[in-house]
Amino acid sequence: MKRNQSGITLIGFIIVLGLAGVFVYVGMKLVPMYTEFYSVKRSLADLAKEPGAGHMDAAKARDLFFRRMDMSYVDSVKQENFKILRNDRGMQITVDYEVRRPLIANLDVVGHFNAVQQLTSKEGD
């Protein structure tokens, strides 16, 4: 009576475990970059909801935005990444920045993020 064995071998299991470990490690580098980006987008959206956002002074808008960044522990966005453009509907804020994190030896993970928010003037503001 011959028995057939089925299942994964020890070598196969180690290879699968190694691949899963690599994906988890890369995920540990990528997830904080994207959570920072979503904090930037949320802060811009909250800034747009401020009363009189379209008529706001540029310095005040910059100050309110970077206060929100401090509260969210976002360190990647610097003053030079924050741009304000006035237009006929109010102002447009653009946050364009790059995040570089070391991965393995001389390999880095680079993320380029760009968020744009229009701050409009509402009637009665």
# chains A, B, ... in the order shown; residues from 1 in each chain; ligands from 1
call {"tool": "residues_around", "arguments": {"residues": "region 113-118 of chain A", "least_positions_apart": "4", "cutoff": "7 Å", "atoms": "only C-alpha atoms", "output": "ChimeraX atom specification"}}
result
/A:37,41,44-45,91-98
call {"tool": "write_last_selection", "arguments": {"atoms": "N, CA and C atoms", "output": "PDB file, in the first residue's frame"}}
result
ATOM      1  N   PHE A  37       0.533  61.595   3.347  1.00  0.00           N
ATOM      2  CA  PHE A  37      -0.116  62.244   2.211  1.00  0.00           C
ATOM      3  C   PHE A  37      -1.608  62.447   2.469  1.00  0.00           C
ATOM      4  N   LYS A  41      -3.815  65.910   2.525  1.00  0.00           N
ATOM      5  CA  LYS A  41      -5.072  66.131   1.806  1.00  0.00           C
ATOM      6  C   LYS A  41      -6.202  66.503   2.756  1.00  0.00           C
ATOM      7  N   LEU A  44      -5.753  70.110   3.933  1.00  0.00           N
ATOM      8  CA  LEU A  44      -6.147  71.061   2.895  1.00  0.00           C
ATOM      9  C   LEU A  44      -7.669  71.155   2.786  1.00  0.00           C
ATOM     10  N   ALA A  45      -8.340  70.019   2.873  1.00  0.00           N
ATOM     11  CA  ALA A  45      -9.805  70.031   2.819  1.00  0.00           C
ATOM     12  C   ALA A  45     -10.391  70.759   4.026  1.00  0.00           C
ATOM     13  N   MET A  91      -8.365  81.318  -3.845  1.00  0.00           N
ATOM     14  CA  MET A  91      -6.953  80.947  -3.938  1.00  0.00           C
ATOM     15  C   MET A  91      -6.819  79.443  -4.078  1.00  0.00           C
ATOM     16  N   GLN A  92      -5.747  79.061  -4.731  1.00  0.00           N
ATOM     17  CA  GLN A  92      -5.447  77.652  -4.929  1.00  0.00           C
ATOM     18  C   GLN A  92      -4.148  77.333  -4.204  1.00  0.00           C
ATOM     19  N   ILE A  93      -4.215  76.312  -3.370  1.00  0.00           N
ATOM     20  CA  ILE A  93      -3.041  75.883  -2.610  1.00  0.00           C
ATOM     21  C   ILE A  93      -2.543  74.570  -3.207  1.00  0.00           C
ATOM     22  N   THR A  94      -1.248  74.533  -3.479  1.00  0.00           N
ATOM     23  CA  THR A  94      -0.612  73.333  -4.007  1.00  0.00           C
ATOM     24  C   THR A  94       0.495  72.901  -3.052  1.00  0.00           C
ATOM     25  N   VAL A  95       0.470  71.648  -2.677  1.00  0.00           N
ATOM     26  CA  VAL A  95       1.522  71.061  -1.850  1.00  0.00           C
ATOM     27  C   VAL A  95       2.157  69.956  -2.690  1.00  0.00           C
ATOM     28  N   ASP A  96       3.400  70.177  -3.099  1.00  0.00           N
ATOM     29  CA  ASP A  96       4.115  69.257  -3.973  1.00  0.00           C
ATOM     30  C   ASP A  96       5.431  68.888  -3.284  1.00  0.00           C
ATOM     31  N   TYR A  97       5.567  67.623  -2.900  1.00  0.00           N
ATOM     32  CA  TYR A  97       6.758  67.217  -2.155  1.00  0.00           C
ATOM     33  C   TYR A  97       7.150  65.789  -2.491  1.00  0.00           C
ATOM     34  N   GLU A  98       8.369  65.455  -2.102  1.00  0.00           N
ATOM     35  CA  GLU A  98       8.925  64.137  -2.353  1.00  0.00           C
ATOM     36  C   GLU A  98       9.420  63.547  -1.037  1.00  0.00           C
TER      37      GLU A  98
END
call {"tool": "residues_around", "arguments": {"residues": "Phe66 (chain A)", "least_positions_apart": "6", "cutoff": "9 Å", "atoms": "only C-alpha atoms", "output": "PyMOL selection string"}}
result
chain A and resi 43+77-79
call {"tool": "select_by_dssp", "arguments": {"residues": "chain A", "states": "alpha helix (DSSP H)", "output": "ChimeraX atom specification"}}
result
/A:10-48,58-71
call {"tool": "closest_residue", "arguments": {"among": "A:Asp75, A:Leu10, A:Gly27, A:Asn87", "to": "Gly54 (chain A)", "atoms": "only C-alpha atoms"}}
result
A:Asn87
call {"tool": "atom_distance", "arguments": {"atom1": "CA of Thr120 (chain A)", "atom2": "CA of Gly52 (chain A)"}}
result
8.3 Å
call {"tool": "closest_residue", "arguments": {"among": "A:Val99, A:Ile104, A:Ala53, A:Val74", "to": "Val40 (chain A)", "atoms": "only C-alpha atoms"}}
result
A:Val74
call {"tool": "residues_around", "arguments": {"residues": "Arg100 (chain A)", "least_positions_apart": "4", "cutoff": "12 Å", "atoms": "only C-alpha atoms", "output": "list in words"}}
result
Lys29, Leu30, Pro32, Met33, Ser76, Asn106, Leu107, Asp108, Val109, Val110, Gly111, His112 and Phe113 of chain A
call {"tool": "write_last_selection", "arguments": {"atoms": "all heavy atoms", "output": "mmCIF file, in the first residue's frame"}}
result
data_model
loop_
_atom_site.group_PDB
_atom_site.id
_atom_site.type_symbol
_atom_site.label_atom_id
_atom_site.label_comp_id
_atom_site.auth_asym_id
_atom_site.auth_seq_id
_atom_site.Cartn_x
_atom_site.Cartn_y
_atom_site.Cartn_z
ATOM 1 N N LYS A 29 7.591 50.504 4.912
ATOM 2 C CA LYS A 29 8.201 51.735 4.401
ATOM 3 C C LYS A 29 7.188 52.594 3.657
ATOM 4 O O LYS A 29 7.264 53.826 3.695
ATOM 5 C CB LYS A 29 9.375 51.417 3.461
ATOM 6 C CG LYS A 29 10.511 50.691 4.129
ATOM 7 C CD LYS A 29 11.187 51.574 5.143
ATOM 8 C CE LYS A 29 12.372 50.847 5.747
ATOM 9 N NZ LYS A 29 13.177 51.698 6.586
ATOM 10 N N LEU A 30 6.233 51.979 2.956
ATOM 11 C CA LEU A 30 5.285 52.714 2.133
ATOM 12 C C LEU A 30 4.082 53.264 2.897
ATOM 13 O O LEU A 30 3.616 54.367 2.600
ATOM 14 C CB LEU A 30 4.787 51.833 0.990
ATOM 15 C CG LEU A 30 5.800 51.474 -0.078
ATOM 16 C CD1 LEU A 30 5.183 50.521 -1.091
ATOM 17 C CD2 LEU A 30 6.319 52.713 -0.767
ATOM 18 N N PRO A 32 3.602 54.555 5.977
ATOM 19 C CA PRO A 32 3.727 55.877 6.600
ATOM 20 C C PRO A 32 3.779 57.026 5.595
ATOM 21 O O PRO A 32 3.258 58.114 5.863
ATOM 22 C CB PRO A 32 5.038 55.795 7.381
ATOM 23 C CG PRO A 32 5.259 54.357 7.614
ATOM 24 C CD PRO A 32 4.676 53.662 6.425
ATOM 25 N N MET A 33 4.356 56.784 4.411
ATOM 26 C CA MET A 33 4.396 57.827 3.385
ATOM 27 C C MET A 33 2.987 58.182 2.928
ATOM 28 O O MET A 33 2.655 59.366 2.765
ATOM 29 C CB MET A 33 5.228 57.351 2.181
ATOM 30 C CG MET A 33 6.699 57.208 2.482
ATOM 31 S SD MET A 33 7.703 56.357 1.237
ATOM 32 C CE MET A 33 7.193 57.028 -0.290
ATOM 33 N N SER A 76 7.492 65.614 6.437
ATOM 34 C CA SER A 76 8.014 65.635 5.073
ATOM 35 C C SER A 76 7.695 66.923 4.319
ATOM 36 O O SER A 76 8.380 67.249 3.362
ATOM 37 C CB SER A 76 7.449 64.455 4.283
ATOM 38 O OG SER A 76 7.805 63.252 4.913
ATOM 39 N N ASN A 106 21.776 50.349 -0.625
ATOM 40 C CA ASN A 106 21.751 51.626 -1.327
ATOM 41 C C ASN A 106 20.483 51.828 -2.142
ATOM 42 O O ASN A 106 20.421 52.703 -2.990
ATOM 43 C CB ASN A 106 22.988 51.769 -2.225
ATOM 44 C CG ASN A 106 23.046 50.693 -3.278
ATOM 45 O OD1 ASN A 106 22.308 49.727 -3.218
ATOM 46 N ND2 ASN A 106 23.934 50.855 -4.242
ATOM 47 N N LEU A 107 19.458 51.047 -1.886
ATOM 48 C CA LEU A 107 18.167 51.199 -2.557
ATOM 49 C C LEU A 107 17.229 52.025 -1.690
ATOM 50 O O LEU A 107 17.130 51.801 -0.484
ATOM 51 C CB LEU A 107 17.534 49.836 -2.830
ATOM 52 C CG LEU A 107 18.288 48.911 -3.777
ATOM 53 C CD1 LEU A 107 17.567 47.582 -3.882
ATOM 54 C CD2 LEU A 107 18.409 49.551 -5.144
ATOM 55 N N ASP A 108 16.538 52.979 -2.311
ATOM 56 C CA ASP A 108 15.590 53.838 -1.613
ATOM 57 C C ASP A 108 14.207 53.684 -2.222
ATOM 58 O O ASP A 108 14.061 53.379 -3.397
ATOM 59 C CB ASP A 108 15.990 55.314 -1.723
ATOM 60 C CG ASP A 108 17.241 55.648 -0.931
ATOM 61 O OD1 ASP A 108 17.651 54.817 -0.102
ATOM 62 O OD2 ASP A 108 17.793 56.734 -1.147
ATOM 63 N N VAL A 109 13.211 53.955 -1.407
ATOM 64 C CA VAL A 109 11.833 54.072 -1.882
ATOM 65 C C VAL A 109 11.553 55.563 -1.982
ATOM 66 O O VAL A 109 11.747 56.301 -1.013
ATOM 67 C CB VAL A 109 10.840 53.415 -0.903
ATOM 68 C CG1 VAL A 109 9.420 53.655 -1.340
ATOM 69 C CG2 VAL A 109 11.114 51.945 -0.779
ATOM 70 N N VAL A 110 11.124 56.019 -3.162
ATOM 71 C CA VAL A 110 10.855 57.435 -3.379
ATOM 72 C C VAL A 110 9.386 57.596 -3.735
ATOM 73 O O VAL A 110 8.868 56.928 -4.621
ATOM 74 C CB VAL A 110 11.732 58.006 -4.520
ATOM 75 C CG1 VAL A 110 11.418 59.468 -4.754
ATOM 76 C CG2 VAL A 110 13.191 57.811 -4.203
ATOM 77 N N GLY A 111 8.715 58.513 -3.029
ATOM 78 C CA GLY A 111 7.328 58.832 -3.330
ATOM 79 C C GLY A 111 7.206 60.303 -3.645
ATOM 80 O O GLY A 111 7.713 61.147 -2.907
ATOM 81 N N HIS A 112 6.563 60.623 -4.762
ATOM 82 C CA HIS A 112 6.327 62.016 -5.137
ATOM 83 C C HIS A 112 4.833 62.271 -4.976
ATOM 84 O O HIS A 112 4.010 61.585 -5.583
ATOM 85 C CB HIS A 112 6.761 62.270 -6.580
ATOM 86 C CG HIS A 112 6.582 63.683 -6.988
ATOM 87 N ND1 HIS A 112 7.540 64.635 -6.750
ATOM 88 C CD2 HIS A 112 5.554 64.315 -7.578
ATOM 89 C CE1 HIS A 112 7.103 65.795 -7.196
ATOM 90 N NE2 HIS A 112 5.893 65.620 -7.707
ATOM 91 N N PHE A 113 4.486 63.254 -4.167
ATOM 92 C CA PHE A 113 3.095 63.530 -3.844
ATOM 93 C C PHE A 113 2.739 64.946 -4.236
ATOM 94 O O PHE A 113 3.540 65.870 -4.073
ATOM 95 C CB PHE A 113 2.843 63.322 -2.349
ATOM 96 C CG PHE A 113 3.136 61.920 -1.896
ATOM 97 C CD1 PHE A 113 4.324 61.615 -1.261
ATOM 98 C CD2 PHE A 113 2.227 60.908 -2.127
ATOM 99 C CE1 PHE A 113 4.595 60.327 -0.849
ATOM 100 C CE2 PHE A 113 2.492 59.614 -1.723
ATOM 101 C CZ PHE A 113 3.679 59.316 -1.077
#
call {"tool": "decode", "arguments": {"residues": "region 75-94 of chain A", "atoms": "N, CA, C and O atoms", "output": "PDB file, in the first residue's frame"}}
result
ATOM      1  N   ASP A  75       6.280  65.399   8.886  1.00  0.00           N
ATOM      2  CA  ASP A  75       7.587  66.049   8.838  1.00  0.00           C
ATOM      3  C   ASP A  75       8.104  66.246   7.419  1.00  0.00           C
ATOM      4  O   ASP A  75       9.075  66.968   7.209  1.00  0.00           O
ATOM      5  N   SER A  76       7.492  65.614   6.437  1.00  0.00           N
ATOM      6  CA  SER A  76       8.014  65.635   5.073  1.00  0.00           C
ATOM      7  C   SER A  76       7.695  66.923   4.319  1.00  0.00           C
ATOM      8  O   SER A  76       8.380  67.249   3.362  1.00  0.00           O
ATOM      9  N   VAL A  77       6.652  67.627   4.710  1.00  0.00           N
ATOM     10  CA  VAL A  77       6.243  68.841   3.999  1.00  0.00           C
ATOM     11  C   VAL A  77       6.976  70.031   4.615  1.00  0.00           C
ATOM     12  O   VAL A  77       6.871  70.299   5.807  1.00  0.00           O
ATOM     13  N   LYS A  78       7.714  70.738   3.768  1.00  0.00           N
ATOM     14  CA  LYS A  78       8.469  71.919   4.198  1.00  0.00           C
ATOM     15  C   LYS A  78       7.807  73.174   3.644  1.00  0.00           C
ATOM     16  O   LYS A  78       6.926  73.107   2.798  1.00  0.00           O
ATOM     17  N   GLN A  79       8.273  74.334   4.113  1.00  0.00           N
ATOM     18  CA  GLN A  79       7.710  75.616   3.680  1.00  0.00           C
ATOM     19  C   GLN A  79       7.818  75.787   2.165  1.00  0.00           C
ATOM     20  O   GLN A  79       6.914  76.338   1.545  1.00  0.00           O
ATOM     21  N   GLU A  80       8.909  75.354   1.572  1.00  0.00           N
ATOM     22  CA  GLU A  80       9.101  75.546   0.135  1.00  0.00           C
ATOM     23  C   GLU A  80       8.210  74.634  -0.711  1.00  0.00           C
ATOM     24  O   GLU A  80       8.084  74.838  -1.923  1.00  0.00           O
ATOM     25  N   ASN A  81       7.568  73.628  -0.100  1.00  0.00           N
ATOM     26  CA  ASN A  81       6.653  72.743  -0.818  1.00  0.00           C
ATOM     27  C   ASN A  81       5.237  73.291  -0.882  1.00  0.00           C
ATOM     28  O   ASN A  81       4.390  72.728  -1.561  1.00  0.00           O
ATOM     29  N   PHE A  82       4.967  74.374  -0.182  1.00  0.00           N
ATOM     30  CA  PHE A  82       3.634  74.954  -0.047  1.00  0.00           C
ATOM     31  C   PHE A  82       3.547  76.192  -0.936  1.00  0.00           C
ATOM     32  O   PHE A  82       4.278  77.150  -0.746  1.00  0.00           O
ATOM     33  N   LYS A  83       2.648  76.161  -1.934  1.00  0.00           N
ATOM     34  CA  LYS A  83       2.504  77.283  -2.859  1.00  0.00           C
ATOM     35  C   LYS A  83       1.057  77.766  -2.862  1.00  0.00           C
ATOM     36  O   LYS A  83       0.124  76.963  -2.854  1.00  0.00           O
ATOM     37  N   ILE A  84       0.884  79.091  -2.890  1.00  0.00           N
ATOM     38  CA  ILE A  84      -0.439  79.706  -2.956  1.00  0.00           C
ATOM     39  C   ILE A  84      -0.520  80.525  -4.229  1.00  0.00           C
ATOM     40  O   ILE A  84       0.366  81.322  -4.530  1.00  0.00           O
ATOM     41  N   LEU A  85      -1.607  80.318  -4.977  1.00  0.00           N
ATOM     42  CA  LEU A  85      -1.852  81.067  -6.197  1.00  0.00           C
ATOM     43  C   LEU A  85      -3.232  81.716  -6.091  1.00  0.00           C
ATOM     44  O   LEU A  85      -4.233  81.013  -5.914  1.00  0.00           O
ATOM     45  N   ARG A  86      -3.282  83.017  -6.172  1.00  0.00           N
ATOM     46  CA  ARG A  86      -4.561  83.744  -6.146  1.00  0.00           C
ATOM     47  C   ARG A  86      -5.184  83.694  -7.538  1.00  0.00           C
ATOM     48  O   ARG A  86      -4.495  83.837  -8.536  1.00  0.00           O
ATOM     49  N   ASN A  87      -6.511  83.493  -7.570  1.00  0.00           N
ATOM     50  CA  ASN A  87      -7.235  83.548  -8.831  1.00  0.00           C
ATOM     51  C   ASN A  87      -8.586  84.216  -8.591  1.00  0.00           C
ATOM     52  O   ASN A  87      -8.870  84.671  -7.476  1.00  0.00           O
ATOM     53  N   ASP A  88      -9.421  84.280  -9.627  1.00  0.00           N
ATOM     54  CA  ASP A  88     -10.685  85.005  -9.507  1.00  0.00           C
ATOM     55  C   ASP A  88     -11.694  84.305  -8.601  1.00  0.00           C
ATOM     56  O   ASP A  88     -12.636  84.935  -8.121  1.00  0.00           O
ATOM     57  N   ARG A  89     -11.531  83.034  -8.329  1.00  0.00           N
ATOM     58  CA  ARG A  89     -12.460  82.301  -7.452  1.00  0.00           C
ATOM     59  C   ARG A  89     -11.993  82.250  -5.999  1.00  0.00           C
ATOM     60  O   ARG A  89     -12.674  81.696  -5.157  1.00  0.00           O
ATOM     61  N   GLY A  90     -10.823  82.754  -5.695  1.00  0.00           N
ATOM     62  CA  GLY A  90     -10.278  82.696  -4.338  1.00  0.00           C
ATOM     63  C   GLY A  90      -8.798  82.443  -4.392  1.00  0.00           C
ATOM     64  O   GLY A  90      -8.050  83.227  -4.949  1.00  0.00           O
ATOM     65  N   MET A  91      -8.365  81.318  -3.845  1.00  0.00           N
ATOM     66  CA  MET A  91      -6.953  80.947  -3.938  1.00  0.00           C
ATOM     67  C   MET A  91      -6.819  79.443  -4.078  1.00  0.00           C
ATOM     68  O   MET A  91      -7.674  78.682  -3.630  1.00  0.00           O
ATOM     69  N   GLN A  92      -5.747  79.061  -4.731  1.00  0.00           N
ATOM     70  CA  GLN A  92      -5.447  77.652  -4.929  1.00  0.00           C
ATOM     71  C   GLN A  92      -4.148  77.333  -4.204  1.00  0.00           C
ATOM     72  O   GLN A  92      -3.134  77.997  -4.404  1.00  0.00           O
ATOM     73  N   ILE A  93      -4.215  76.312  -3.370  1.00  0.00           N
ATOM     74  CA  ILE A  93      -3.041  75.883  -2.610  1.00  0.00           C
ATOM     75  C   ILE A  93      -2.543  74.570  -3.207  1.00  0.00           C
ATOM     76  O   ILE A  93      -3.309  73.635  -3.404  1.00  0.00           O
ATOM     77  N   THR A  94      -1.248  74.533  -3.479  1.00  0.00           N
ATOM     78  CA  THR A  94      -0.612  73.333  -4.007  1.00  0.00           C
ATOM     79  C   THR A  94       0.495  72.901  -3.052  1.00  0.00           C
ATOM     80  O   THR A  94       1.327  73.710  -2.662  1.00  0.00           O
TER      81      THR A  94
END
